[in-house]
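*Asks:* Sharing a structure, written as structure tokens. Questions coming.
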Amino acid sequence: MELIANLVLQGVQMLIVLALAPGLTGLVRKIKARLTRRRGASILQPYRDLARLLRKEVVLAENASWLFRVSPYMIFAATWAAAALVPTFAIGLHFSWTADLIAIVALLASARFFLALAGMDVGTSFGGIGSSREMMIGALAEPAMLLMVFTVALVAGSTQLSNVVAFTASGEVGIRVSMGMALIALVIVAIAENARIPVDNPATHLELTMVHEAMVLEYSGRHLAMIELAAALKLLLYMALIGCIFVPWGLAPASAGLGGLVAGGAFFLVKLAVSGTLLALFETSFAKMRVFRVPDFLGVALMLGLLGTLLLFVSRSL
Amino acid sequence: MIIAALGIALCLLALSLAATAMRGFAPASGVVYGASAALCAALAAVGAWTLLTEAAASGLRVPVGLPWLGTHLRLDALSALFLMLLGTGAAAASVYAIGYGRHEHEPHRVLPFYPGFLGAMTLVLLADDAFTFLLSWEVMSLLSWALVLTHHREDEARSAGFLYLVMAGFGTMVLLLAFGLMAGPEGGYDFTAIRELGRGPGLAALVLVLMMVGAGSKAGLVPLHVWLPVAHPAAPSHVSALMSGVMTKVALYGFVRVTFDLLGPVAWWMSVPVIVIGAVTAVMGILFANVDGDAKRVLAYSTIENIGVIFAALGLALAFRASDMAALAALALTAGLVHAMNHMLFKSLLFMVAGAVLNATGRRDLDALGGLIHRMPKTAVLALVGVTAISALPPLNGFVSEWLLFQAVLQSPNLPQPGLQFLVPAMGGLLALAAALAAACFVRFYGVIFLGRPRSDVARDAVETDRWSLAAMGGLALLCVLAGIVPGVLIDLVAPAVDLAVGARMPLQAGNAWMTLIPVAEVRSSYSGLLVMVFIAISGGASAWLVHRLASRRLRRAPAWDCGFPNADPVTQYGGGSFAQPIRRVMALVLVARETVTMPPPGDAAPARHKVQIEDLAWSRIYRPLIAVVGSATTRMNALQFLTIRRYLSLVFGSLILLLTGLAIWN
């Protein structure tokens with residue numbers, strides 16, 4: 001009986017992330033539109049887009065291989081698996097021990113790997129440009145992310161997210177400079193990984209300035225829908241990650257009753273709304289940077305991650 | 001068991017001689033490779049059996065060799081582990097070669113050396129005295145040198161062979177010094193005597209440095225790596241697979257055997273150079289792999305990266321051991337050894353893929369290939385497994401060892417030395433960078449070779465490779481997947497060897513639910529490759545099924561969109577050079593990459609030229625000056641060849657006096 005309850009809870013978590021992800025994207029778009037004095041599409045627009053894409057036929061390039069057709073599902077599955085492992089409303093879920101933070105980062109890397117391969121499959125110049133730039137950005141974002149993970153793991157004594165949350169929520173942490181640095185590093189990485197301004201522009205259709213969009217240029221129909229959904233899931237994942245590590249309050253333990261879980265869900269919604277608003281604010285107040293300025297931007301994250309780790313040792317030895 | 005292992009080694013050596021006699025005998029290649037495959041499979045079984053049963057070490061003394069020493073052989077857990085690695089890699093390479101070898105124009109340039117090379121490597125692993133070890137090591141070097149020279153009519157192969165010979169000779173000389181220092185003034189050259197002899201920290205440090213130079217030059221540590229990306233690709237592909245996948249591991253075995261077993265305690269500060277050089281090697285190796293344009297050279301550079309990762313793990317294990325943290329040392333060493341095993345699997349696989357592509361198209365340069373996923377569908381699937389594994393992506397095996405290594409890095413705050421506490425996370429960052437760059441490198445490798453449109457006629461007309469090759473590659477790909485989803489089995493198998501080296505082992509993994517890895521304690525970290533695999537398979541499969549079922553399953557083929565400007569010329573695709581451009585530019589400082597663009601004057605219709613120059617700092621800063629010094633010294637000393645007999649005699653007399661004076665002062 002307990003097992004079934006646990007499985008149900010884990011299933012709920014998986015469905016919640018899936019159901020909320022397009023809404024979050026819609027929210028960010030809506031707020032961005034309002035900030036630039038446009039009315040903007042409804043928050044529900046991404047759901048309609050997905051439904052429409054799913055119904056449409058796929059127009060496949062003539063020399064596209066099976067890899068091109070399988071990749072959307074692989075990308076979606078890897079991203080979904082990663083998103084299901086980040087605590088959203090509750091911690092200590094049944095499968096939470098499946099993968100730790102390092103493995104979650106690597107799962108996202110798998111998704112990126114297949115997306116970049118798919119970008120090269122048709123053999124167009126835009127696909128290649130997107131893939132090569134995405135891998136360059138990934139090559140710098142991933143070590144920054146892992147250094148951030150090091151900092152958090154050294155503070156919390158674990159890379160298992162549920163345990164990290166339990167530790168940071170306990171209030172033993174206090175306010176630490178290292179954690180602040182880790183937060184900034186994670187935000188920078190999140191911006192780069194999700195192809196947001198100033199690294200990439202998710203709304204652009206100017207070919208030479210885009211990275212993520214250039215890779216998926218050949219996709220259409222249901223394939224595009226899966227990739228869009230995966231991108232929305234990834235954004236939600238990073239927001240949930242920032243939320244659960246740095247604002248760990250309100251997460252219910254898995255053993256909490258229904259009331260606790262619902263409260264946890266409500267907290268999660270508030271967190272998403274706040275972080276979505278902040279992201280929209282951030283995006284509207286910056287201009288996109290040249291692609292070869294991106295390494296400097298990510299270099300900041302890399303340095304902050306490293307400094308955060310080193311500061312921990314300094315503060316410990318004092 | 002030792003008898004069986006020794007018997008296999010001798011059979012392999014005998015097979016070499018038999019192959020010499022079989023020149024001109026048409027089925028010789030099938031016979032030699034088939035027999036090698038069977039013998040190597042038996043060897044792998046011997047190794048695995050010894051590890052599984054945790055059999056006690058068995059020794060053997062054969063009264064041949066130096067009269068006062070004889071030949072000491074020993075099979076313990078550490079040798080067994082590497083025997084298993086050697087057997088698996090060599091069996092796969094031999095099966096592959098049954099098919100691949102048919103395309104060889106001059107089989108008599110490969111066949112006599114191939115089994116002997118395998119036999120010599122086996123003897124290195126079994127050796128229990130310095131003389132046997134060095135002799136087998138040298139035989140291994142020479143036979144692999146002969147194999148590098150298979151295509152001796154190509155200038156490239158000849159210069160690669162020369163470079164390799166020089167570096168191998170240098171490496172063996174340094175090893176000779178290391179063993180000489182370890183044997184001490186009494187000259188006890190069998191390993192038992194070396195183990196019992198105590199030595200001061202200074203001497204131990206010196207031996208460790210010599211081992212890093214001697215074994216490291218064979219394994220490809222920066223800056224001794226320069227021969228590797230030239231020599232490994234020059235050999236036929238199954239030999240490249242063996243050299244990269246297996247021979248570098250034999251070098252690794254030499255290092256582990258000496259530093260963890262023979263040398264006794266090593267001071268903590270001696271782990272610093274091992275960790276730093278390992279991490280730097282990892283980053284430099286993969287950076288060069290990212291910008292190189294030759295498929296096999298990319299793989300060779302990536303070997304350098306993986307060797308760096310393994311050395312970093314070994315250094316970490318040394319650091320933990322020096323501070324009496326045996327359990328953590330076991331974690332780091334397990335990470336290193338499992339990565340060695342994994343690297344053998346996927347690097348052999350990828351070299352075989354490169355060989356299959358080479359056979360099908362005759363080309364190794366990335367910019368002549370493309371679109372092979374349509375022409376060689378089976379090879380493409382197996383290659384995809386290989387590149388996913390080597391890019392350290394879950395749920396395959398490359399990620400498991402990388403993950404274990406990061407777990408070990410995360411334990412560094414437990415070290416009492418502040419220096420190491422600072423250093424290890426920074427090096428962890430470098431290793432993370434190397435892992436991420438590896439993914440970029442192999443997207444490029446796979447994307448340019450297999451995806452897109454063919455860039456040449458040969459690529460357009462390529463055909464699928466033969467069944468033997470596919471079988472060998474399929475076997476390795478299967479092992480990559482298995483080692484990724486049930487890594488606990490491999491870790492438990494490695495445990496006796498780790499126990500021998502650091503006196504502790506990782507907790508038993510076999511009993512964990514869902515094959516979960518729990519390296520230290522569950523509250524710290526856990527990872528279940530099997531569950532991740534199941535997760536991805538179910539959610540990917542279910543979503544595909546649902547979408548096809550409930551939404552739309554219609555599909556129409558049309559010309560590529562390419563933003564409205566599709567170009568029929570395959571040259572407009574991203575190729576090897578253009579894909580590398582962002583990373584080349586970001587890392588220009590480290591790669592010493594210079595780009596020059598020559599534009600014709602306005603109105604001139606001549607093409608503009610873009611040239612990229614990449615310089616290996618090891619060449620320009622170390623080797624070229626060294627070669628210049630050696631060259632000028634030899635030119636000067638050349639005069640000594642033309643002296644009169646009178647002067648020669650006085651020269652001999654003078655040196656005698658000098659030596660005697662030295663001896664007198666010494667005493």
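Identifiers in this document derive from the order of the structure tokens: chains are assigned A, B, ..., residues are numbered from 1 separately in each chain, and ligands are numbered from 1 in order of occurrence.
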Each residue of chain B with at least one atom at most 6 Å from chain A should appear once, together with its nearest atom pair and the corresponding distance in Å (one decimal); atoms considered: only C-alpha atoms; ordering: chain, then increasing residue number; output as CSV.
*Replies:*
residue,atom,partner,partner_atom,distance
B:Leu393,CA,A:Ser110,CA,5.6
B:Gly429,CA,A:Pro143,CA,5.8
B:Ala432,CA,A:Pro143,CA,4.9
B:Leu433,CA,A:Pro143,CA,5.0
B:Ala436,CA,A:Ala139,CA,4.6
B:Leu437,CA,A:Ala139,CA,5.2
B:Ala440,CA,A:Met135,CA,5.2
B:Gly447,CA,A:Met120,CA,5.8
B:Leu451,CA,A:Asp121,CA,4.6
B:Gly452,CA,A:Gly123,CA,3.7
B:Arg453,CA,A:Gly123,CA,5.4
B:Arg524,CA,A:Ser158,CA,4.0
B:Ser525,CA,A:Gln160,CA,5.2
B:Ser526,CA,A:Trp97,CA,5.9
B:Tyr527,CA,A:Ala99,CA,4.5
B:Ser528,CA,A:Thr98,CA,5.1
B:Ile536,CA,A:Ala77,CA,5.1
B:Ser539,CA,A:Ala77,CA,5.4
B:Gly540,CA,A:Ala77,CA,4.7
B:Ala551,CA,A:Arg55,CA,5.2
B:Ser552,CA,A:Arg55,CA,5.1
B:Arg554,CA,A:Glu57,CA,4.9
B:Leu555,CA,A:Val58,CA,4.6
B:Arg556,CA,A:Val59,CA,4.8
B:Arg557,CA,A:Leu60,CA,4.8
B:Ala558,CA,A:Ala61,CA,5.2
B:Pro559,CA,A:Ala61,CA,5.2
B:Ala560,CA,A:Ala61,CA,4.4
B:Thr572,CA,A:Ser125,CA,5.9
B:Gln573,CA,A:Ser125,CA,4.6
B:Tyr574,CA,A:Gly128,CA,4.9
B:Phe579,CA,A:Ser132,CA,5.1
B:Ile583,CA,A:Met136,CA,5.7
*Asks:* Identify, on the basis of only C-alpha atoms, every residue whose closest approach to Ala93 of chain B does not exceed 9 Å; exclude the query and any residue fewer than 5 positions from it along the same chain; express the result as a ChimeraX atom specification.
*Replies:* /B:33,37,88,98,237-239,241-242,348-349,352,469,472-473
*Asks:* So which one's closest to Met325 of chain B, B:Ser79, B:Ser29, B:Gln411, B:Thr192? Using only C-alpha atoms, please.
*Replies:*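 For Met325 of chain B, the nearest of the candidates is B:Gln411.
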*Asks:* Using only C-alpha atoms, which residues sit within 10 Å of Leu143 of chain B once same-chain residues fewer than 3 positions away are excluded, as a PyMOL selection string?
*Replies:* chain B and resi 110+112-118+120+138-140+146-149
*Asks:* Please dump the current selection as a PDB file, in the first residue's frame; keep C-alpha atoms.
*Replies:*
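Okay, this is what ended up in result-v6.pdb:
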ATOM      1  CA  VAL B 110      51.146  -7.644 -39.706  1.00  0.00           C
ATOM      2  CA  PRO B 112      54.001 -12.302 -37.563  1.00  0.00           C
ATOM      3  CA  PHE B 113      54.032  -9.392 -35.117  1.00  0.00           C
ATOM      4  CA  TYR B 114      50.429  -9.355 -34.005  1.00  0.00           C
ATOM      5  CA  PRO B 115      50.206 -12.433 -31.734  1.00  0.00           C
ATOM      6  CA  GLY B 116      53.684 -11.754 -30.393  1.00  0.00           C
ATOM      7  CA  PHE B 117      52.609  -8.247 -29.405  1.00  0.00           C
ATOM      8  CA  LEU B 118      49.704  -9.740 -27.456  1.00  0.00           C
ATOM      9  CA  ALA B 120      54.505  -9.750 -24.819  1.00  0.00           C
ATOM     10  CA  GLU B 138      60.732  -3.815 -24.680  1.00  0.00           C
ATOM     11  CA  VAL B 139      59.468  -6.699 -26.803  1.00  0.00           C
ATOM     12  CA  MET B 140      55.995  -5.182 -26.602  1.00  0.00           C
ATOM     13  CA  ALA B 146      56.850  -3.050 -36.297  1.00  0.00           C
ATOM     14  CA  LEU B 147      53.059  -2.920 -36.506  1.00  0.00           C
ATOM     15  CA  VAL B 148      53.101   0.876 -36.763  1.00  0.00           C
ATOM     16  CA  LEU B 149      55.373   0.423 -39.759  1.00  0.00           C
TER      17      LEU B 149
END
*Asks:* Which residues in segment 533-660 of chain B does DSSP call alpha helix (DSSP H)? List them as a ChimeraX atom specification.
*Replies:* /B:533-550,576-586,588-591,617,624-637,645-660
*Asks:* For Val385 of chain B, work out the shell of residues within 12 Å, counting only C-alpha atoms and skipping chain neighbours fewer than 3 positions away, then give it as an MDAnalysis selection string.
*Replies:* (chainID A and resid 114) or (chainID B and resid 345:347 349:350 353 378:382 388:398 442 446 473:482 484)
*Asks:* Report the residues of segment 29-143 of chain A whose backbone DSSP state falls under strand (DSSP E), written as a ChimeraX atom specification.
*Replies:* /A:58-61,90-91
*Asks:* Go ahead and write the selection's residues with N, CA and C atoms as a CSV table (one decimal), in the first residue's frame.
*Replies:*
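See again19.csv below for the written result:
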chain,number,residue,atom,x,y,z
A,58,VAL,N,4.3,15.8,-40.3
A,58,VAL,CA,5.8,16.1,-40.3
A,58,VAL,C,6.3,16.3,-41.7
A,59,VAL,N,7.0,17.4,-41.9
A,59,VAL,CA,7.7,17.5,-43.2
A,59,VAL,C,9.1,17.2,-43.0
A,60,LEU,N,9.6,16.1,-43.5
A,60,LEU,CA,10.9,15.7,-43.2
A,60,LEU,C,11.9,15.9,-44.4
A,61,ALA,N,13.0,16.4,-44.1
A,61,ALA,CA,14.0,16.7,-45.1
A,61,ALA,C,14.4,15.4,-45.8
A,90,ALA,N,7.7,18.2,-3.2
A,90,ALA,CA,8.0,17.3,-2.1
A,90,ALA,C,9.4,16.7,-2.2
A,91,ILE,N,10.0,16.3,-1.1
A,91,ILE,CA,11.3,15.7,-1.2
A,91,ILE,C,11.2,14.2,-0.7
*Asks:* Mind checking which residues fall within 9 Å of Cys244 of chain A, counting only C-alpha atoms, ignoring those fewer than 2 positions away in the same chain, and posting them as a list in words?
*Replies:*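 Here the qualifying residues turn out to be Val86, Pro87, Thr88, Phe89, Leu161, Ser162, Val164, Val165, Thr168, Ala169, Met239, Ala240, Leu241, Ile242, Phe246, Val247, Pro248, Trp249 and Leu251 of chain A.
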*Asks:* Given the selection you just returned, output its residues as a file containing N, CA and C atoms, formatted as a compact mmCIF listing (two decimals), in the first residue's frame.
*Replies:*
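For reference, result-v3.txt as written:
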# COMPACT_ATOMS: atom_id res chain seq x y z
N VAL A 86 14.18 16.36 -9.87
CA VAL A 86 14.41 17.58 -9.08
C VAL A 86 13.20 17.78 -8.18
N PRO A 87 13.42 17.96 -6.89
CA PRO A 87 12.27 18.13 -6.00
C PRO A 87 11.49 19.39 -6.38
N THR A 88 10.20 19.26 -6.53
CA THR A 88 9.38 20.44 -6.81
C THR A 88 8.53 20.78 -5.59
N PHE A 89 7.59 19.91 -5.27
CA PHE A 89 6.72 20.20 -4.13
C PHE A 89 7.05 19.32 -2.93
N LEU A 161 19.74 15.40 -4.16
CA LEU A 161 19.00 16.66 -4.00
C LEU A 161 18.08 16.66 -2.79
N SER A 162 17.41 15.54 -2.54
CA SER A 162 16.50 15.52 -1.40
C SER A 162 17.25 15.81 -0.10
N VAL A 164 20.13 17.42 0.11
CA VAL A 164 20.59 18.81 0.07
C VAL A 164 19.48 19.72 0.57
N VAL A 165 18.28 19.48 0.06
CA VAL A 165 17.15 20.33 0.45
C VAL A 165 16.90 20.20 1.95
N THR A 168 19.60 22.26 3.66
CA THR A 168 19.54 23.72 3.55
C THR A 168 18.27 24.26 4.21
N ALA A 169 17.20 23.46 4.22
CA ALA A 169 15.96 23.95 4.84
C ALA A 169 16.06 23.93 6.36
N MET A 239 14.48 26.25 -12.87
CA MET A 239 13.82 27.09 -11.86
C MET A 239 13.54 26.28 -10.61
N ALA A 240 13.10 25.02 -10.80
CA ALA A 240 12.87 24.17 -9.64
C ALA A 240 14.16 23.93 -8.89
N LEU A 241 15.26 23.79 -9.64
CA LEU A 241 16.56 23.53 -9.02
C LEU A 241 16.99 24.71 -8.17
N ILE A 242 16.90 25.91 -8.76
CA ILE A 242 17.26 27.11 -8.00
C ILE A 242 16.34 27.21 -6.78
N PHE A 246 18.17 26.95 -3.11
CA PHE A 246 18.44 28.24 -2.47
C PHE A 246 17.23 28.80 -1.74
N VAL A 247 16.03 28.34 -2.11
CA VAL A 247 14.82 28.78 -1.38
C VAL A 247 14.09 27.52 -0.95
N PRO A 248 14.68 26.75 -0.04
CA PRO A 248 14.19 25.39 0.17
C PRO A 248 12.93 25.31 1.03
N TRP A 249 12.31 26.45 1.32
CA TRP A 249 11.17 26.37 2.23
C TRP A 249 9.92 25.94 1.52
N LEU A 251 8.90 22.89 0.89
CA LEU A 251 8.86 21.55 0.31
C LEU A 251 8.42 20.55 1.36
*Asks:* From the options A:Glu213, A:Glu2, A:Glu283, A:Glu228, which residue's atoms come nearest to Pro46 of chain A, counting only C-alpha atoms?
*Replies:*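 Closest candidate: A:Glu228.
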*Asks:* Give me the residues near segment 497-502 of chain B as a list in words, where near means some atom within 7 Å (using only C-alpha atoms) and where sequence neighbours in that chain fewer than 5 positions away do not count.
*Replies:* Ala77, Leu78, Leu81, Phe260, Asp261, Arg321, Ala326, Ala329, Ala330, Leu333 and Thr334 of chain B
*Asks:* Neighbouring residues of Ala322 of chain B were defined as those with any atom within 10 Å, considering only C-alpha atoms; residues of the same chain fewer than 3 positions away were excluded. Please report them as a list of chain:residue names.
*Replies:*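 Answer for this query is B:Pro265, B:Val266, B:Ala267, B:Trp268, B:Trp269, B:Met270, B:Ser271, B:Leu316, B:Ala317, B:Leu318, B:Ala319, B:Met325, B:Ala326, B:Ala329, B:Leu415, B:Val502.
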*Asks:* What does the distance from atom CA of Arg646 of chain B to atom CA of Ala633 of chain B come to in Å, to one decimal?
*Replies:*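 Interatomic distance, atom CA of Arg646 of chain B to atom CA of Ala633 of chain B: 23.5 Å.
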*Asks:* Just checking: using only C-alpha atoms, which residue out of A:Val28, A:Leu186, A:Ala19, A:Ala231 ends up closest to Ser275 of chain A?
*Replies:* A:Val28
